[in-house]
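S.K.: my_file07.cif is the file, holding mmCIF, C-alpha atoms:
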data_run
#
loop_
_atom_site.label_atom_id
_atom_site.label_comp_id
_atom_site.auth_asym_id
_atom_site.auth_seq_id
_atom_site.Cartn_x
_atom_site.Cartn_y
_atom_site.Cartn_z
CA MET W 1 22.19 36.33 -13.62
CA SER W 2 24.94 36.56 -11.00
CA ALA W 3 28.09 38.58 -11.65
CA SER W 4 30.17 35.41 -11.92
CA ALA W 5 27.76 33.89 -14.45
CA GLU W 6 27.84 37.12 -16.47
CA GLN W 7 31.63 37.07 -16.45
CA ILE W 8 31.72 33.45 -17.62
CA ARG W 9 29.20 34.22 -20.36
CA ASP W 10 31.16 37.23 -21.61
CA GLN W 11 34.43 35.29 -21.57
CA GLN W 12 32.80 32.45 -23.49
CA ARG W 13 31.48 34.85 -26.11
CA SER W 14 34.94 36.32 -26.61
CA THR W 15 36.60 32.90 -26.72
CA TRP W 16 34.17 31.39 -29.23
CA ASP W 17 34.38 34.48 -31.43
CA GLU W 18 38.15 34.04 -31.42
CA PHE W 19 37.94 30.33 -32.23
CA SER W 20 35.37 30.71 -35.01
CA ALA W 21 38.19 30.92 -37.59
CA GLY W 22 39.52 27.54 -36.44
CA TRP W 23 36.07 26.00 -36.66
CA ARG W 24 35.68 27.37 -40.19
CA LYS W 25 39.09 25.92 -41.11
CA TRP W 26 38.25 22.46 -39.79
CA ASP W 27 34.54 22.51 -40.57
CA ALA W 28 34.43 19.36 -42.69
CA GLU W 29 36.44 17.37 -40.16
CA VAL W 30 34.43 18.54 -37.15
CA MET W 31 31.07 18.04 -38.84
CA GLY W 32 31.99 14.56 -40.02
CA TRP W 33 33.23 13.57 -36.57
CA HIS W 34 30.19 15.01 -34.78
CA ALA W 35 27.63 13.79 -37.32
CA PRO W 36 26.61 10.62 -35.41
CA PHE W 37 25.88 12.68 -32.31
CA GLY W 38 23.88 15.27 -34.23
CA ASP W 39 21.98 12.55 -36.07
CA ALA W 40 21.04 10.97 -32.74
CA VAL W 41 19.82 14.30 -31.36
CA ILE W 42 17.69 14.81 -34.48
CA GLU W 43 16.35 11.26 -34.30
CA GLU W 44 15.11 11.90 -30.76
CA ALA W 45 13.38 15.13 -31.84
CA TRP W 46 10.67 13.33 -33.89
CA LEU W 47 10.61 16.05 -36.54
CA ARG W 48 7.75 16.55 -38.98
CA PRO W 49 8.00 18.31 -42.35
CA ASP W 50 6.38 21.42 -40.85
CA SER W 51 8.19 21.47 -37.50
CA ALA W 52 9.54 24.69 -36.02
CA VAL W 53 12.98 23.81 -34.63
CA LEU W 54 15.36 25.64 -32.30
CA ASP W 55 19.04 24.68 -32.14
CA VAL W 56 20.56 26.11 -28.93
CA ALA W 57 24.34 26.65 -28.84
CA ALA W 58 24.31 25.96 -32.57
CA GLY W 59 27.85 27.18 -33.12
CA THR W 60 28.66 26.83 -36.81
CA GLY W 61 25.22 25.40 -37.50
CA GLU W 62 24.88 21.77 -36.52
CA PRO W 63 22.71 19.85 -35.97
CA GLY W 64 20.29 22.62 -36.99
CA LEU W 65 21.38 22.80 -40.63
CA THR W 66 20.96 19.07 -41.03
CA ALA W 67 17.55 19.29 -39.33
CA ALA W 68 16.50 21.96 -41.85
CA ALA W 69 16.39 19.34 -44.59
CA PHE W 70 13.87 17.33 -42.54
CA VAL W 71 11.48 20.29 -42.14
CA PRO W 72 11.01 21.69 -45.69
CA ARG W 73 7.70 23.31 -44.69
CA GLY W 74 8.99 24.29 -41.27
CA SER W 75 11.79 26.47 -39.93
CA VAL W 76 15.04 26.27 -37.99
CA ALA W 77 16.38 28.96 -35.66
CA LEU W 78 20.09 28.73 -34.85
CA LEU W 79 20.98 30.43 -31.57
CA ASP W 80 24.46 30.93 -30.17
CA ILE W 81 26.26 33.33 -27.89
CA SER W 82 28.97 33.89 -30.53
CA GLU W 83 28.26 36.09 -33.52
CA GLY W 84 31.45 34.84 -35.14
CA MET W 85 30.32 31.21 -35.01
CA LEU W 86 26.90 32.12 -36.39
CA ARG W 87 28.48 33.93 -39.33
CA VAL W 88 30.02 30.61 -40.33
CA ALA W 89 26.60 28.94 -39.91
CA SER W 90 24.94 31.56 -42.12
CA GLU W 91 27.55 31.06 -44.84
CA LYS W 92 26.93 27.31 -44.78
CA ALA W 93 23.15 27.77 -44.91
CA ALA W 94 23.51 30.03 -47.94
CA THR W 95 25.84 27.58 -49.66
CA ARG W 96 23.32 24.79 -49.15
CA GLY W 97 20.44 26.95 -50.34
CA LEU W 98 18.54 26.57 -47.06
CA ALA W 99 15.84 29.24 -47.07
CA ASN W 100 14.16 28.02 -43.86
CA VAL W 101 17.06 28.87 -41.53
CA GLU W 102 17.62 32.01 -39.47
CA THR W 103 20.21 32.88 -36.83
CA ALA W 104 19.96 34.72 -33.52
CA VAL W 105 22.70 35.82 -31.14
CA GLY W 106 21.56 35.15 -27.60
CA ASP W 107 22.09 33.60 -24.19
CA ALA W 108 20.71 30.12 -23.51
CA ALA W 109 19.68 31.27 -20.03
CA SER W 110 17.41 33.96 -21.52
CA LEU W 111 16.14 32.77 -24.89
CA PRO W 112 14.76 35.59 -27.09
CA PHE W 113 11.63 33.66 -28.09
CA ASP W 114 8.02 33.55 -26.94
CA ASP W 115 6.58 30.76 -24.83
CA GLY W 116 5.57 27.70 -26.81
CA SER W 117 7.28 28.68 -30.06
CA PHE W 118 8.92 25.42 -31.12
CA ASP W 119 8.01 21.82 -31.91
CA ALA W 120 11.54 20.65 -31.12
CA VAL W 121 14.56 22.07 -29.28
CA LEU W 122 18.03 20.66 -29.98
CA CYS W 123 21.30 21.22 -28.14
CA ARG W 124 24.46 19.35 -29.13
CA PHE W 125 27.47 19.80 -26.82
CA GLY W 126 26.24 23.05 -25.28
CA ILE W 127 24.62 22.30 -21.93
CA MET W 128 27.85 21.45 -20.07
CA PHE W 129 29.22 24.89 -20.93
CA PHE W 130 26.23 26.93 -19.72
CA PRO W 131 26.99 28.86 -16.50
CA ARG W 132 23.44 28.12 -15.29
CA MET W 133 22.47 24.80 -16.79
CA SER W 134 19.15 24.38 -15.00
CA THR W 135 18.03 27.86 -16.04
CA ALA W 136 18.98 27.16 -19.66
CA VAL W 137 17.12 23.84 -19.74
CA GLY W 138 14.14 25.60 -18.16
CA GLU W 139 14.26 28.14 -20.97
CA MET W 140 14.26 25.35 -23.55
CA VAL W 141 11.15 23.93 -21.91
CA ARG W 142 9.51 27.37 -21.81
CA VAL W 143 9.89 27.98 -25.54
CA ALA W 144 8.76 24.46 -26.45
CA LYS W 145 5.14 23.74 -27.33
CA PRO W 146 3.16 21.18 -25.33
CA GLY W 147 4.12 17.81 -26.76
CA ALA W 148 7.41 19.15 -28.15
CA ARG W 149 10.60 17.16 -27.88
CA ILE W 150 13.82 18.46 -26.32
CA SER W 151 16.96 16.48 -27.15
CA ALA W 152 20.62 17.04 -26.36
CA ALA W 153 24.09 15.53 -26.46
CA VAL W 154 26.75 15.96 -23.76
CA TRP W 155 30.18 14.38 -23.50
CA SER W 156 30.37 11.26 -21.37
CA ARG W 157 33.17 10.42 -18.90
CA ALA W 158 36.77 11.46 -19.58
CA ALA W 159 37.83 7.80 -19.71
CA GLU W 160 35.40 7.29 -22.61
CA ASN W 161 36.81 10.28 -24.49
CA PRO W 162 40.55 9.94 -25.06
CA TRP W 163 40.24 12.40 -27.97
CA ALA W 164 40.21 15.09 -25.26
CA SER W 165 41.43 13.46 -22.05
CA LEU W 166 44.75 12.46 -23.61
CA VAL W 167 45.86 16.01 -24.28
CA LEU W 168 44.10 17.59 -21.27
CA GLY W 169 45.62 15.04 -18.91
CA THR W 170 49.05 15.71 -20.36
CA ILE W 171 48.63 19.46 -19.91
CA ALA W 172 47.57 18.90 -16.29
CA ARG W 173 50.73 16.88 -15.58
CA HIS W 174 52.97 19.69 -16.81
CA THR W 175 51.21 22.75 -15.44
CA GLU W 176 49.80 23.93 -12.15
CA LEU W 177 46.20 24.43 -13.13
CA PRO W 178 43.91 25.84 -10.44
CA VAL W 179 41.18 23.48 -9.26
CA PRO W 180 37.93 24.88 -10.70
CA PRO W 181 35.00 25.42 -8.30
CA ALA W 182 32.27 22.82 -8.34
CA GLY W 183 29.82 23.42 -11.17
CA THR W 184 32.30 25.26 -13.38
CA PRO W 185 31.54 24.85 -17.11
CA GLY W 186 33.63 22.09 -18.66
CA LEU W 187 33.68 19.18 -21.11
CA PHE W 188 32.78 16.45 -18.62
CA ARG W 189 30.51 18.39 -16.27
CA CYS W 190 27.39 16.39 -17.28
CA ALA W 191 29.10 13.02 -17.65
CA ALA W 192 27.79 11.19 -14.59
CA GLN W 193 25.26 8.48 -15.42
CA GLY W 194 21.73 9.75 -14.89
CA PHE W 195 22.82 13.38 -14.49
CA MET W 196 21.03 14.61 -17.58
CA THR W 197 17.95 12.47 -16.91
CA ARG W 198 17.59 14.15 -13.52
CA MET W 199 18.07 17.61 -15.01
CA PHE W 200 15.44 17.03 -17.71
CA THR W 201 13.02 15.49 -15.24
CA GLU W 202 13.46 18.34 -12.75
CA ALA W 203 12.74 20.78 -15.61
CA GLY W 204 9.33 19.16 -15.99
CA LEU W 205 9.92 16.92 -18.99
CA VAL W 206 8.33 13.47 -19.19
CA ASP W 207 9.25 10.23 -20.96
CA VAL W 208 12.92 11.12 -20.48
CA SER W 209 15.42 8.68 -21.97
CA GLU W 210 19.21 8.56 -21.91
CA ARG W 211 21.64 6.50 -23.99
CA LYS W 212 25.27 6.53 -25.07
CA ILE W 213 26.73 6.46 -28.55
CA SER W 214 30.37 6.40 -29.67
CA THR W 215 32.46 7.15 -32.71
CA ASP W 216 36.13 7.91 -33.40
CA LEU W 217 37.99 11.12 -34.02
CA VAL W 218 40.24 10.16 -36.93
CA GLN W 219 43.40 12.05 -37.84
CA GLU W 220 46.14 11.02 -40.22
CA SER W 221 49.10 12.00 -38.02
CA PRO W 222 50.07 13.34 -34.58
CA GLU W 223 50.90 16.66 -36.22
CA LEU W 224 47.40 17.01 -37.66
CA TYR W 225 45.80 15.96 -34.37
CA TRP W 226 47.81 18.62 -32.52
CA GLU W 227 46.94 21.31 -35.06
CA PHE W 228 43.26 20.32 -34.98
CA MET W 229 43.00 20.34 -31.17
CA THR W 230 44.82 23.64 -30.72
CA ASP W 231 42.64 25.26 -33.38
CA ILE W 232 39.20 24.10 -32.19
CA ALA W 233 39.44 23.03 -28.51
CA THR W 234 39.19 26.07 -26.26
CA THR W 235 40.06 24.02 -23.16
CA VAL W 236 43.30 22.87 -24.77
CA ALA W 237 44.29 26.38 -25.82
CA THR W 238 43.51 27.71 -22.33
CA GLY W 239 45.66 25.04 -20.70
CA LEU W 240 48.59 25.57 -23.07
CA ALA W 241 48.43 29.32 -22.47
CA ARG W 242 49.29 28.65 -18.81
CA ALA W 243 52.45 26.74 -19.74
CA ASP W 244 55.82 28.28 -20.58
CA ARG W 245 57.63 27.43 -23.79
CA GLU W 246 59.59 24.53 -22.32
CA ALA W 247 56.47 23.01 -20.78
CA ARG W 248 54.53 23.36 -24.05
CA GLU W 249 57.30 21.50 -25.90
CA MET W 250 57.22 18.72 -23.29
CA ILE W 251 53.42 18.52 -23.51
CA ARG W 252 53.57 18.21 -27.29
CA ALA W 253 56.24 15.51 -27.13
CA ASP W 254 54.30 13.51 -24.53
CA VAL W 255 51.06 13.79 -26.51
CA PHE W 256 52.80 12.53 -29.67
CA ARG W 257 54.22 9.58 -27.72
CA LEU W 258 50.84 8.67 -26.19
CA LEU W 259 49.09 8.90 -29.55
CA GLY W 260 50.97 5.80 -30.64
CA ARG W 261 48.47 3.74 -28.65
CA TYR W 262 45.68 4.92 -30.94
CA GLU W 263 47.24 4.20 -34.33
CA HIS W 264 45.22 1.67 -36.31
CA ASP W 265 45.29 0.97 -40.04
CA GLY W 266 47.54 3.93 -40.77
CA ALA W 267 45.56 6.57 -38.87
CA LEU W 268 44.93 7.79 -35.34
CA ARG W 269 41.50 6.75 -34.02
CA LEU W 270 40.48 8.24 -30.68
CA ARG W 271 37.25 7.13 -29.04
CA SER W 272 34.56 9.77 -28.57
CA THR W 273 31.48 8.98 -26.48
CA ALA W 274 28.42 11.12 -25.79
CA THR W 275 25.23 10.79 -23.78
CA ILE W 276 22.06 11.48 -25.75
CA VAL W 277 19.12 12.61 -23.60
CA ALA W 278 15.60 13.49 -24.68
CA GLY W 279 12.24 14.26 -23.15
CA THR W 280 8.79 15.58 -23.95
CA ARG W 281 7.15 18.75 -22.69
CA PRO W 282 3.77 17.73 -21.21
#
Just dump the structure as structure tokens.
M.R.:
Amino acid sequence: MSASAEQIRDQQRSTWDEFSAGWRKWDAEVMGWHAPFGDAVIEEAWLRPDSAVLDVAAGTGEPGLTAAAFVPRGSVALLDISEGMLRVASEKAATRGLANVETAVGDAASLPFDDGSFDAVLCRFGIMFFPRMSTAVGEMVRVAKPGARISAAVWSRAAENPWASLVLGTIARHTELPVPPAGTPGLFRCAAQGFMTRMFTEAGLVDVSERKISTDLVQESPELYWEFMTDIATTVATGLARADREAREMIRADVFRLLGRYEHDGALRLRSTATIVAGTRP
């Protein structure tokens, strides 16, 4: 791994450890919002009751914990770079009485598992953040058994995701953010149509499919939306950290004004769209 990739990885580990408390705080809201995406990833995995499943970039445990209920005679390994996030996942597994779940701290670009260990590999909203995406997908293929399914979700275009683009665009208008180099990890890095199909195909997978699904992020008020995003969205927190106090107040005011467009039936409903991609290891 190059020095720059190592630096990104180490910064990500520190950031996600720091944000694990926010993810614990908002766990029910995040899991409910993300459930349709996780369900789609699981659906594409073609699980059997005895499947061995790996969830890469599992964070606080999904979709791996949900998958565990589908494999009562199998097993689920939750892997993430952040020990703090995995502690939350372990607490949830214990609360649910899931005895077929284990956790492992590790790097997606160097998975700590033997070749051909898993019947299915899942990755929900992780690939676009990996410093070396192709290497990480190659590792997923390596640890998959012949015939295994690999399925993932990545965020689609910014225009299809006002839940994030509204606040990130507002931050960009009020701060002088440096232009990131091409290929820098980010929310919409894998958004181009066909991008993930090409990546999976180049990794050697066959029968690759790609589709989009959408849901809404629902919050009761602008105040709750702001609290939620600043607690769980690392990109938002990073952008706000670059703004002075006056700019942060202007950003908040502008975000609250723009949120009025998304008020329906007494709540804020912001569209959230992901690309679901899946393929089979030959």
S.K.: Near W:Val53, counting all atoms listed in the file, which residues have an atom at most 10 Å away, once you skip same-chain residues fewer than 2 positions from it, shown as an MDAnalysis selection string?
M.R.: chainID W and resid 45 47:48 50:51 55:56 64 67:68 71 74:78 101 117:122 144 148:150
S.K.: As a check of understanding, name the residues that the PyMOL selection byres ((chain W and resi 253) around 12) selects in the supplied structure, as a VMD selection string.
M.R.: chain W and resid 167 170 to 171 174 222 to 223 226 246 to 252 254 to 260
S.K.: Using all atoms listed in the file, which of the listed residues (W:Phe200, W:Phe37, W:Trp163, W:Trp46) sits closest to W:Met133?
M.R.: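 Smallest separation from W:Met133 among the options: W:Phe200.
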S.K.: Which residue gives the smallest distance to W:Thr234 among W:Ala164, W:Ala109, W:Ala5, W:Leu65, with only C-alpha atoms counted?
M.R.: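 For W:Thr234, the nearest of the given residues is W:Ala164.
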S.K.: Quick one: 3 Å padding each side, axis-aligned, all listed atoms of stretch 252-264 of chain W - centre and edge lengths in Å to one decimal, as AutoDock Vina command-line options?
M.R.:
--center_x 50.7 --center_y 9.9 --center_z -30.4 --size_x 17.0 --size_y 22.5 --size_z 17.8
S.K.: Go through the shown structure with the PyMOL selection byres ((chain W and resi 89) around 10) and write out the matching residues as a list in words.
M.R.: Arg24, Ala58, Gly59, Thr60, Gly61, Glu62, Gly64, Leu65, Leu78, Glu83, Gly84, Met85, Leu86, Arg87, Val88, Ser90, Glu91, Lys92, Ala93, Ala94, Thr95, Val101, Glu102 and Thr103 of chain W
S.K.: Which value, in Å to one decimal, gives the distance between atom CA of W:Ala241 and atom CA of W:Thr15?
M.R.: 13.1 Å
S.K.: With all atoms listed in the file as the basis for distance, which of W:Thr201, W:Gln12, W:Ser165, W:Ser110 is at the shortest distance from W:Pro282?
M.R.: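 Of W:Thr201, W:Gln12, W:Ser165, W:Ser110, the one nearest W:Pro282, counting all atoms listed in the file, is W:Thr201.
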S.K.: Calculated over all atoms listed in the file, which of the candidates W:Met229, W:Val41, W:Met196, W:Val143 has the smallest distance to W:Leu166?
M.R.: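 Smallest distance to W:Leu166 is found for W:Met229.
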S.K.: Name every residue that the PyMOL selection byres ((chain W and resi 209) around 7) selects in this structure, writing the answer as a list in words with chains first and numbers rising.
M.R.: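 So the PyMOL selection byres ((chain W and resi 209) around 7), applied here, picks out Thr197, Asp207, Val208, Glu210, Arg211, Val277, Ala278 and Gly279 of chain W.
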S.K.: I need the chosen residues saved as a short mmCIF file (atom, residue, chain, number, x, y, z; two decimals), keeping the file's coordinate frame, with C-alpha atoms.
M.R.:
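Result file is again_34.cif:
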data_model
loop_
_atom_site.label_atom_id
_atom_site.label_comp_id
_atom_site.auth_asym_id
_atom_site.auth_seq_id
_atom_site.Cartn_x
_atom_site.Cartn_y
_atom_site.Cartn_z
CA THR W 197 17.95 12.47 -16.91
CA ASP W 207 9.25 10.23 -20.96
CA VAL W 208 12.92 11.12 -20.48
CA GLU W 210 19.21 8.56 -21.91
CA ARG W 211 21.64 6.50 -23.99
CA VAL W 277 19.12 12.61 -23.60
CA ALA W 278 15.60 13.49 -24.68
CA GLY W 279 12.24 14.26 -23.15
#
S.K.: So which one's closest to W:Ser20, W:Ala69, W:Val154, W:Ala191, W:Ile232? Using all atoms listed in the file, please.
M.R.: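 Once distances to W:Ser20 are computed over all atoms listed in the file, the minimum belongs to W:Ile232.
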S.K.: Figure out the distance between atom CA of W:Val30 and atom CA of W:Gly138, please, to one decimal in Å.
M.R.: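 Between atom CA of W:Gly138 and atom CA of W:Val30 the gap works out to 28.7 Å.
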S.K.: When you draw a straight line from atom CA of W:Asp10 to atom CA of W:Phe188, how long is it in Å?
M.R.: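 Computing the Euclidean distance for atom CA of W:Asp10 and atom CA of W:Phe188 yields 21.1 Å.
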S.K.: With only C-alpha atoms as the basis for distance, which of W:Leu79, W:Ala40, W:Leu168, W:Leu98 is at the shortest distance from W:Ala274?
M.R.: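 For W:Ala274, the nearest of the given residues is W:Ala40.
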S.K.: Which neighbours of W:Ala108 fall inside 9 Å, counting all atoms listed in the file, when residues of the same chain fewer than 3 positions from it are skipped, and could you give them as a ChimeraX atom specification?
M.R.: /W:56-57,79-81,111-112,127,130,132-133,135-137,139-140
S.K.: Save the residues we just selected, C-alpha atoms, as an mmCIF file, in the coordinates of the input?
M.R.:
data_model
loop_
_atom_site.group_PDB
_atom_site.id
_atom_site.type_symbol
_atom_site.label_atom_id
_atom_site.label_comp_id
_atom_site.auth_asym_id
_atom_site.auth_seq_id
_atom_site.Cartn_x
_atom_site.Cartn_y
_atom_site.Cartn_z
ATOM 1 C CA VAL W 56 20.560 26.110 -28.930
ATOM 2 C CA ALA W 57 24.340 26.650 -28.840
ATOM 3 C CA LEU W 79 20.980 30.430 -31.570
ATOM 4 C CA ASP W 80 24.460 30.930 -30.170
ATOM 5 C CA ILE W 81 26.260 33.330 -27.890
ATOM 6 C CA LEU W 111 16.140 32.770 -24.890
ATOM 7 C CA PRO W 112 14.760 35.590 -27.090
ATOM 8 C CA ILE W 127 24.620 22.300 -21.930
ATOM 9 C CA PHE W 130 26.230 26.930 -19.720
ATOM 10 C CA ARG W 132 23.440 28.120 -15.290
ATOM 11 C CA MET W 133 22.470 24.800 -16.790
ATOM 12 C CA THR W 135 18.030 27.860 -16.040
ATOM 13 C CA ALA W 136 18.980 27.160 -19.660
ATOM 14 C CA VAL W 137 17.120 23.840 -19.740
ATOM 15 C CA GLU W 139 14.260 28.140 -20.970
ATOM 16 C CA MET W 140 14.260 25.350 -23.550
#
